[in-house]
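Undergrad: Provided herewith is a single structure, encoded as structure tokens, for subsequent inquiry.
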Amino acid sequence: MIRLHRVTKRFACGTEALRNVSLRVDAGALAFLTGPSGAGKSTLLRLIARLERPTRGRIMVNGLDLGSLARRREPQFRRNIGLVFQDHRLLFDRPVHANVALPLEILGYRRTEARKRVRAALDKVGLLQKENAQPQTLSAGEQQRVGIARAIVHRPALLLADEPTGNLDPELSREIIQLFLDFNRVGMTALIASHNLGLISALGRPVLHLENGRLEARHVTEPRSGG
Ligand code: ADP
């Protein structure tokens, strides 16, 4: 699903956020990305989502070589990716259902189909009863779940999450991680950046550790059995 071959990312200011990183995350896997603040986790996710371009190296996602991805194929590429951020980035001037519908609007879904998918996505994160609520009336955990519904509403093959539990207490963090495990069980590949080592280590899933732009573990295969 994801392959990086000797990827380096140097920003214009000279900072090398990633150095010669090679990794592979197979389709169907759920892997975590750990490492201290500034290690390069966000940059790695942004490269995979094609929000940034590498300085050197090759990135393949879902069979597509991002280095030679034509502009006309970008929509097809984005259709396969869901993004979750720590600060969820909800729009507070519209209700929950309209926030979740945003990716579908961008992808040109018809209104009736979009409505159906939005309700299905909210149901998956346990927030169907809040579809007409304004985001600011929700708790932090609920807002994050709306962000997750928005990330999966178009049923992407790959979910990328950047510190999705960063602002949440341990109990809410566990709930959010459980959602990712549920999505993974039905076939979604996921790469989740997280500081939360206590939570992660108990799950027995592959962990990629970044340190100062360098990766320790290199190869992730899917342990389908065992939760
Ligand atoms: P993490 O997500 O692990 O905290 P980041 O990927 O955000 O790490 O950052 C890795 C390094 O790259 C840091 O030194 C950070 O300051 C730098 N960096 C990140 N984004 C940019 C940018 N747009 N321009 C310049 N430097 C950046």
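Each chain of the structure tokens is named A, B, ... in the order shown, its residues numbered from 1; ligands are numbered from 1 in display order.
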Name each residue within 8 Å of ligand 1, counting only C-alpha atoms and all ligand atoms, as a list in words.
TA: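 Here is the list of contacting residues: Arg10, Phe11, Ala12, Cys13, Gly14, Thr15, Glu16, Ala17, Leu18, Thr34, Gly35, Pro36, Ser37, Gly38, Ala39, Gly40, Lys41, Ser42, Thr43, Leu44, Asp162, Ala193, Leu210, Asn212 and Gly213 of chain A.
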Undergrad: Could you give me, as a VMD selection string, the residues within 7 Å of Ile2 in chain A, counting only C-alpha atoms and dropping anything in the same chain fewer than 6 positions from it?
TA: chain A and resid 24 to 26 60 to 62
Undergrad: Select from range 139-175 of chain A everything DSSP, run on the backbone, classes as alpha helix (DSSP H), then give the selection as a list in words.
TA: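 DSSP-assigned alpha helix (DSSP H) residues in range 139-175 of chain A: Ala140, Gly141, Glu142, Gln143, Gln144, Arg145, Val146, Gly147, Ile148, Ala149, Arg150, Ala151, Ile152, Pro170, Glu171, Leu172, Ser173, Arg174 and Glu175 of chain A.
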Undergrad: If we count only C-alpha atoms and set the cut-off at 10 Å, which residues sit around range 90-107 of chain A, ignoring sequence neighbours fewer than 3 positions away in its own chain? Please answer as an mmCIF file with N, CA, C and O atoms, in the first residue's frame.
TA:
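Final file, part06.cif:
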data_model
loop_
_atom_site.group_PDB
_atom_site.id
_atom_site.type_symbol
_atom_site.label_atom_id
_atom_site.label_comp_id
_atom_site.auth_asym_id
_atom_site.auth_seq_id
_atom_site.Cartn_x
_atom_site.Cartn_y
_atom_site.Cartn_z
ATOM 1 N N PRO A 75 -7.185 13.583 -8.387
ATOM 2 C CA PRO A 75 -8.467 13.314 -7.714
ATOM 3 C C PRO A 75 -8.653 11.836 -7.380
ATOM 4 O O PRO A 75 -9.108 11.484 -6.286
ATOM 5 N N GLN A 76 -8.264 10.982 -8.301
ATOM 6 C CA GLN A 76 -8.377 9.537 -8.070
ATOM 7 C C GLN A 76 -7.484 9.115 -6.894
ATOM 8 O O GLN A 76 -7.871 8.302 -6.057
ATOM 9 N N ARG A 78 -6.540 11.096 -4.342
ATOM 10 C CA ARG A 78 -7.107 11.628 -3.094
ATOM 11 C C ARG A 78 -8.322 10.841 -2.621
ATOM 12 O O ARG A 78 -8.582 10.742 -1.429
ATOM 13 N N ARG A 79 -9.060 10.323 -3.559
ATOM 14 C CA ARG A 79 -10.248 9.522 -3.246
ATOM 15 C C ARG A 79 -9.903 8.327 -2.356
ATOM 16 O O ARG A 79 -10.748 7.804 -1.653
ATOM 17 N N GLY A 82 -7.789 9.041 3.456
ATOM 18 C CA GLY A 82 -8.499 9.791 4.495
ATOM 19 C C GLY A 82 -7.478 10.376 5.451
ATOM 20 O O GLY A 82 -6.503 9.707 5.801
ATOM 21 N N ASP A 87 -5.847 18.431 15.544
ATOM 22 C CA ASP A 87 -6.767 19.537 15.869
ATOM 23 C C ASP A 87 -8.013 19.490 14.978
ATOM 24 O O ASP A 87 -8.612 20.511 14.686
ATOM 25 N N ARG A 110 -23.490 13.082 -5.534
ATOM 26 C CA ARG A 110 -24.857 13.620 -5.524
ATOM 27 C C ARG A 110 -25.332 13.780 -4.097
ATOM 28 O O ARG A 110 -24.938 13.026 -3.223
ATOM 29 N N ARG A 111 -26.266 14.713 -3.912
ATOM 30 C CA ARG A 111 -26.712 15.075 -2.568
ATOM 31 C C ARG A 111 -27.319 13.892 -1.804
ATOM 32 O O ARG A 111 -27.023 13.683 -0.635
ATOM 33 N N GLU A 113 -26.863 10.623 -2.263
ATOM 34 C CA GLU A 113 -25.833 9.629 -1.956
ATOM 35 C C GLU A 113 -24.937 10.160 -0.830
ATOM 36 O O GLU A 113 -24.573 9.414 0.096
ATOM 37 N N ALA A 114 -24.626 11.448 -0.907
ATOM 38 C CA ALA A 114 -23.769 12.058 0.116
ATOM 39 C C ALA A 114 -24.453 11.960 1.479
ATOM 40 O O ALA A 114 -23.823 11.588 2.477
ATOM 41 N N ARG A 115 -25.718 12.282 1.513
ATOM 42 C CA ARG A 115 -26.456 12.259 2.785
ATOM 43 C C ARG A 115 -26.408 10.855 3.413
ATOM 44 O O ARG A 115 -26.212 10.685 4.608
ATOM 45 N N LYS A 116 -26.587 9.854 2.550
ATOM 46 C CA LYS A 116 -26.567 8.461 3.014
ATOM 47 C C LYS A 116 -25.189 8.105 3.602
ATOM 48 O O LYS A 116 -25.082 7.511 4.665
ATOM 49 N N ARG A 117 -24.167 8.505 2.885
ATOM 50 C CA ARG A 117 -22.805 8.174 3.341
ATOM 51 C C ARG A 117 -22.434 8.930 4.605
ATOM 52 O O ARG A 117 -21.721 8.402 5.462
ATOM 53 N N VAL A 118 -22.878 10.153 4.701
ATOM 54 C CA VAL A 118 -22.594 10.943 5.903
ATOM 55 C C VAL A 118 -23.222 10.266 7.115
ATOM 56 O O VAL A 118 -22.587 10.119 8.171
ATOM 57 N N ARG A 119 -24.449 9.824 6.956
ATOM 58 C CA ARG A 119 -25.127 9.163 8.082
ATOM 59 C C ARG A 119 -24.422 7.853 8.442
ATOM 60 O O ARG A 119 -24.256 7.521 9.618
ATOM 61 N N ALA A 121 -21.252 7.194 8.022
ATOM 62 C CA ALA A 121 -19.965 7.526 8.659
ATOM 63 C C ALA A 121 -20.182 7.964 10.109
ATOM 64 O O ALA A 121 -19.448 7.555 11.014
ATOM 65 N N LEU A 122 -21.208 8.788 10.333
ATOM 66 C CA LEU A 122 -21.490 9.241 11.706
ATOM 67 C C LEU A 122 -21.924 8.074 12.580
ATOM 68 O O LEU A 122 -21.595 8.013 13.766
ATOM 69 N N LEU A 127 -21.996 8.814 16.390
ATOM 70 C CA LEU A 127 -22.484 10.198 16.546
ATOM 71 C C LEU A 127 -23.666 10.535 15.647
ATOM 72 O O LEU A 127 -23.900 11.711 15.348
ATOM 73 N N LEU A 128 -24.408 9.512 15.249
ATOM 74 C CA LEU A 128 -25.531 9.775 14.349
ATOM 75 C C LEU A 128 -26.534 10.750 14.972
ATOM 76 O O LEU A 128 -27.095 11.607 14.299
ATOM 77 N N LYS A 130 -25.971 13.217 16.639
ATOM 78 C CA LYS A 130 -25.454 14.595 16.690
ATOM 79 C C LYS A 130 -25.334 15.204 15.292
ATOM 80 O O LYS A 130 -24.654 16.212 15.115
ATOM 81 N N GLU A 131 -25.964 14.615 14.304
ATOM 82 C CA GLU A 131 -25.705 15.072 12.931
ATOM 83 C C GLU A 131 -26.087 16.531 12.699
ATOM 84 O O GLU A 131 -25.487 17.206 11.880
ATOM 85 N N ASN A 132 -27.071 17.015 13.439
ATOM 86 C CA ASN A 132 -27.488 18.409 13.244
ATOM 87 C C ASN A 132 -26.893 19.373 14.267
ATOM 88 O O ASN A 132 -27.195 20.561 14.247
ATOM 89 N N ALA A 133 -26.052 18.851 15.143
ATOM 90 C CA ALA A 133 -25.442 19.714 16.172
ATOM 91 C C ALA A 133 -24.396 20.630 15.547
ATOM 92 O O ALA A 133 -23.845 20.334 14.474
ATOM 93 N N GLN A 134 -24.115 21.740 16.222
ATOM 94 C CA GLN A 134 -23.000 22.600 15.821
ATOM 95 C C GLN A 134 -21.745 22.047 16.493
ATOM 96 O O GLN A 134 -21.789 21.663 17.666
ATOM 97 N N PRO A 135 -20.622 22.006 15.787
ATOM 98 C CA PRO A 135 -19.403 21.394 16.349
ATOM 99 C C PRO A 135 -19.002 21.950 17.712
ATOM 100 O O PRO A 135 -18.523 21.202 18.565
ATOM 101 N N GLN A 136 -19.203 23.263 17.921
ATOM 102 C CA GLN A 136 -18.723 23.841 19.194
ATOM 103 C C GLN A 136 -19.523 23.368 20.399
ATOM 104 O O GLN A 136 -19.104 23.581 21.537
ATOM 105 N N THR A 137 -20.675 22.722 20.163
ATOM 106 C CA THR A 137 -21.450 22.201 21.288
ATOM 107 C C THR A 137 -21.003 20.784 21.668
ATOM 108 O O THR A 137 -21.513 20.204 22.621
ATOM 109 N N LEU A 138 -20.059 20.221 20.918
ATOM 110 C CA LEU A 138 -19.594 18.853 21.189
ATOM 111 C C LEU A 138 -18.361 18.858 22.087
ATOM 112 O O LEU A 138 -17.611 19.830 22.112
ATOM 113 N N GLN A 143 -15.743 15.902 18.933
ATOM 114 C CA GLN A 143 -15.245 16.672 17.781
ATOM 115 C C GLN A 143 -14.211 15.861 17.005
ATOM 116 O O GLN A 143 -14.226 15.838 15.775
ATOM 117 N N GLN A 144 -13.354 15.159 17.744
ATOM 118 C CA GLN A 144 -12.358 14.345 17.055
ATOM 119 C C GLN A 144 -13.048 13.227 16.267
ATOM 120 O O GLN A 144 -12.643 12.893 15.160
ATOM 121 N N VAL A 146 -15.984 13.389 14.905
ATOM 122 C CA VAL A 146 -16.540 14.002 13.688
ATOM 123 C C VAL A 146 -15.427 14.112 12.632
ATOM 124 O O VAL A 146 -15.640 13.809 11.455
ATOM 125 N N GLY A 147 -14.247 14.513 13.087
ATOM 126 C CA GLY A 147 -13.101 14.600 12.172
ATOM 127 C C GLY A 147 -12.782 13.254 11.541
ATOM 128 O O GLY A 147 -12.417 13.163 10.369
ATOM 129 N N ILE A 148 -12.954 12.205 12.322
ATOM 130 C CA ILE A 148 -12.687 10.856 11.807
ATOM 131 C C ILE A 148 -13.793 10.430 10.831
ATOM 132 O O ILE A 148 -13.511 9.858 9.777
ATOM 133 N N ALA A 149 -15.038 10.761 11.160
ATOM 134 C CA ALA A 149 -16.140 10.460 10.221
ATOM 135 C C ALA A 149 -15.882 11.145 8.885
ATOM 136 O O ALA A 149 -16.072 10.549 7.816
ATOM 137 N N ARG A 150 -15.422 12.392 8.948
ATOM 138 C CA ARG A 150 -15.124 13.132 7.717
ATOM 139 C C ARG A 150 -13.981 12.460 6.937
ATOM 140 O O ARG A 150 -13.981 12.437 5.706
ATOM 141 N N ALA A 151 -13.027 11.885 7.674
ATOM 142 C CA ALA A 151 -11.877 11.246 7.005
ATOM 143 C C ALA A 151 -12.250 9.941 6.313
ATOM 144 O O ALA A 151 -11.590 9.531 5.365
ATOM 145 N N ILE A 152 -13.303 9.274 6.801
ATOM 146 C CA ILE A 152 -13.625 7.951 6.235
ATOM 147 C C ILE A 152 -14.919 7.953 5.421
ATOM 148 O O ILE A 152 -15.327 6.917 4.904
ATOM 149 N N VAL A 153 -15.557 9.137 5.292
ATOM 150 C CA VAL A 153 -16.885 9.185 4.663
ATOM 151 C C VAL A 153 -16.851 8.734 3.200
ATOM 152 O O VAL A 153 -17.830 8.196 2.684
ATOM 153 N N HIS A 154 -15.714 8.919 2.545
ATOM 154 C CA HIS A 154 -15.601 8.505 1.130
ATOM 155 C C HIS A 154 -14.965 7.121 1.018
ATOM 156 O O HIS A 154 -14.556 6.720 -0.053
#
Undergrad: Need to verify the contact set: Arg50 in chain A, 12 Å, only C-alpha atoms, exclusion of same-chain residues closer than 4 positions in sequence. Can you return it as a ChimeraX atom specification?
TA: /A:42-46,54,58-61,64-69,71,74-75,77-78,81,83,160
Undergrad: Using only N, CA, C and O atoms, please write the residues we just selected to a file, as a short mmCIF file (atom, residue, chain, number, x, y, z; two decimals), in the first residue's frame.
TA:
data_model
loop_
_atom_site.label_atom_id
_atom_site.label_comp_id
_atom_site.auth_asym_id
_atom_site.auth_seq_id
_atom_site.Cartn_x
_atom_site.Cartn_y
_atom_site.Cartn_z
N SER A 42 4.94 14.08 11.03
CA SER A 42 3.97 14.83 10.20
C SER A 42 4.47 14.93 8.77
O SER A 42 3.69 14.77 7.82
N THR A 43 5.73 15.22 8.64
CA THR A 43 6.30 15.37 7.31
C THR A 43 6.13 14.07 6.51
O THR A 43 5.74 14.09 5.34
N LEU A 44 6.38 12.94 7.17
CA LEU A 44 6.23 11.65 6.50
C LEU A 44 4.78 11.44 6.04
O LEU A 44 4.53 11.06 4.89
N LEU A 45 3.83 11.73 6.92
CA LEU A 45 2.42 11.57 6.54
C LEU A 45 2.05 12.52 5.41
O LEU A 45 1.32 12.15 4.49
N ARG A 46 2.55 13.75 5.49
CA ARG A 46 2.23 14.74 4.45
C ARG A 46 2.81 14.35 3.09
O ARG A 46 2.22 14.60 2.05
N PRO A 54 8.86 15.06 -1.93
CA PRO A 54 10.19 14.73 -1.38
C PRO A 54 11.30 15.47 -2.12
O PRO A 54 11.11 15.84 -3.29
N ARG A 58 11.71 7.92 -3.66
CA ARG A 58 10.52 7.51 -4.40
C ARG A 58 9.42 7.12 -3.43
O ARG A 58 9.68 6.43 -2.44
N ILE A 59 8.21 7.54 -3.72
CA ILE A 59 7.07 7.21 -2.87
C ILE A 59 5.99 6.56 -3.74
O ILE A 59 5.55 7.15 -4.73
N MET A 60 5.58 5.36 -3.35
CA MET A 60 4.49 4.67 -4.05
C MET A 60 3.34 4.53 -3.06
O MET A 60 3.54 4.09 -1.93
N VAL A 61 2.15 4.89 -3.48
CA VAL A 61 0.97 4.72 -2.64
C VAL A 61 -0.11 4.06 -3.47
O VAL A 61 -0.48 4.58 -4.54
N LEU A 64 0.55 3.69 -7.09
CA LEU A 64 0.88 4.88 -7.89
C LEU A 64 2.21 5.46 -7.44
O LEU A 64 2.45 5.62 -6.24
N ASP A 65 3.05 5.78 -8.41
CA ASP A 65 4.31 6.45 -8.13
C ASP A 65 4.02 7.95 -8.05
O ASP A 65 3.70 8.58 -9.05
N LEU A 66 4.13 8.50 -6.83
CA LEU A 66 3.72 9.90 -6.66
C LEU A 66 4.61 10.88 -7.43
O LEU A 66 4.18 11.97 -7.77
N GLY A 67 5.83 10.44 -7.72
CA GLY A 67 6.75 11.31 -8.45
C GLY A 67 6.30 11.55 -9.88
O GLY A 67 6.63 12.57 -10.48
N SER A 68 5.54 10.62 -10.44
CA SER A 68 5.11 10.79 -11.82
C SER A 68 3.59 10.80 -11.95
O SER A 68 3.04 10.51 -13.00
N LEU A 69 2.93 11.14 -10.85
CA LEU A 69 1.47 11.17 -10.87
C LEU A 69 0.98 12.42 -11.64
O LEU A 69 1.26 13.55 -11.25
N ARG A 71 -1.41 15.35 -13.00
CA ARG A 71 -2.38 16.18 -12.30
C ARG A 71 -3.80 15.64 -12.45
O ARG A 71 -4.59 15.67 -11.52
N GLU A 74 -4.73 13.09 -9.87
CA GLU A 74 -4.71 13.47 -8.46
C GLU A 74 -6.05 13.22 -7.75
O GLU A 74 -6.07 12.70 -6.64
N PRO A 75 -7.19 13.58 -8.39
CA PRO A 75 -8.47 13.31 -7.71
C PRO A 75 -8.65 11.84 -7.38
O PRO A 75 -9.11 11.48 -6.29
N PHE A 77 -6.30 9.72 -6.82
CA PHE A 77 -5.38 9.43 -5.72
C PHE A 77 -6.00 9.87 -4.39
O PHE A 77 -6.03 9.11 -3.42
N ARG A 78 -6.54 11.10 -4.34
CA ARG A 78 -7.11 11.63 -3.09
C ARG A 78 -8.32 10.84 -2.62
O ARG A 78 -8.58 10.74 -1.43
N ILE A 81 -7.59 8.27 0.00
CA ILE A 81 -6.91 8.65 1.24
C ILE A 81 -7.85 9.40 2.18
O ILE A 81 -8.62 10.26 1.74
N LEU A 83 -7.69 11.62 5.85
CA LEU A 83 -6.72 12.29 6.72
C LEU A 83 -7.38 12.71 8.03
O LEU A 83 -8.43 13.33 8.02
N LEU A 160 -4.66 8.04 7.07
CA LEU A 160 -3.45 8.61 7.67
C LEU A 160 -3.88 9.52 8.82
O LEU A 160 -4.70 10.41 8.62
#
Undergrad: Would you mind reading off the distance between CA of Gly141 in chain A and CA of Leu172 in chain A, one decimal, in Å?
TA: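 CA of Leu172 in chain A lies at a distance of 6.1 Å from CA of Gly141 in chain A.
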Undergrad: Could you jot down the CA of Arg89 in chain A to CA of Glu171 in chain A separation for me, Å, one decimal place?
TA: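 These atoms are spaced 21.7 Å apart.
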Undergrad: Please determine, counting only C-alpha atoms, which residue among A:His209, A:Arg3, A:Arg214, A:His88 has the shortest atom-to-atom distance to Pro164 in chain A.
TA: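 Among A:His209, A:Arg3, A:Arg214, A:His88, it is A:His88 that comes nearest to Pro164 in chain A.
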Undergrad: One decimal, in Å: what's the spacing between CA of Val84 in chain A and CA of Leu4 in chain A?
TA: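 Separation of CA of Val84 in chain A and CA of Leu4 in chain A: 20.8 Å.
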Undergrad: For range 178-191 of chain A, list every protein, DNA or RNA residue within 6 Å, evaluated using only C-alpha atoms, and leave out those in the same chain fewer than 3 positions away; present the list as a list in words.
TA: Ala27, Gly28, Ala29, Leu30, Ala31, Phe32, Ala157, Leu158, Leu159, Leu160 and Glu175 of chain A
Undergrad: I'd like to know which residues of range 9-188 of chain A are strand (DSSP E) (by DSSP, run on the backbone); could you write them as a ChimeraX atom specification?
TA: /A:9-10,16-25,30-34,56-61,64-65,81-84,158-162
Undergrad: Go through A:Gln129, A:Arg19, A:Gly204, A:Tyr109 one by one, measure the shortest atom-to-atom distance of each to Arg6 in chain A using only C-alpha atoms, and give the residue with the smallest value.
TA: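 Looking at the shortest contact to Arg6 in chain A, the residue is A:Arg19.
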Undergrad: Taking only C-alpha atoms into account, name the residue in A:Leu47, A:Leu33, A:Ala120, A:Gly166 that is nearest to Pro206 in chain A.
TA: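 Among A:Leu47, A:Leu33, A:Ala120, A:Gly166, it is A:Leu33 that comes nearest to Pro206 in chain A.
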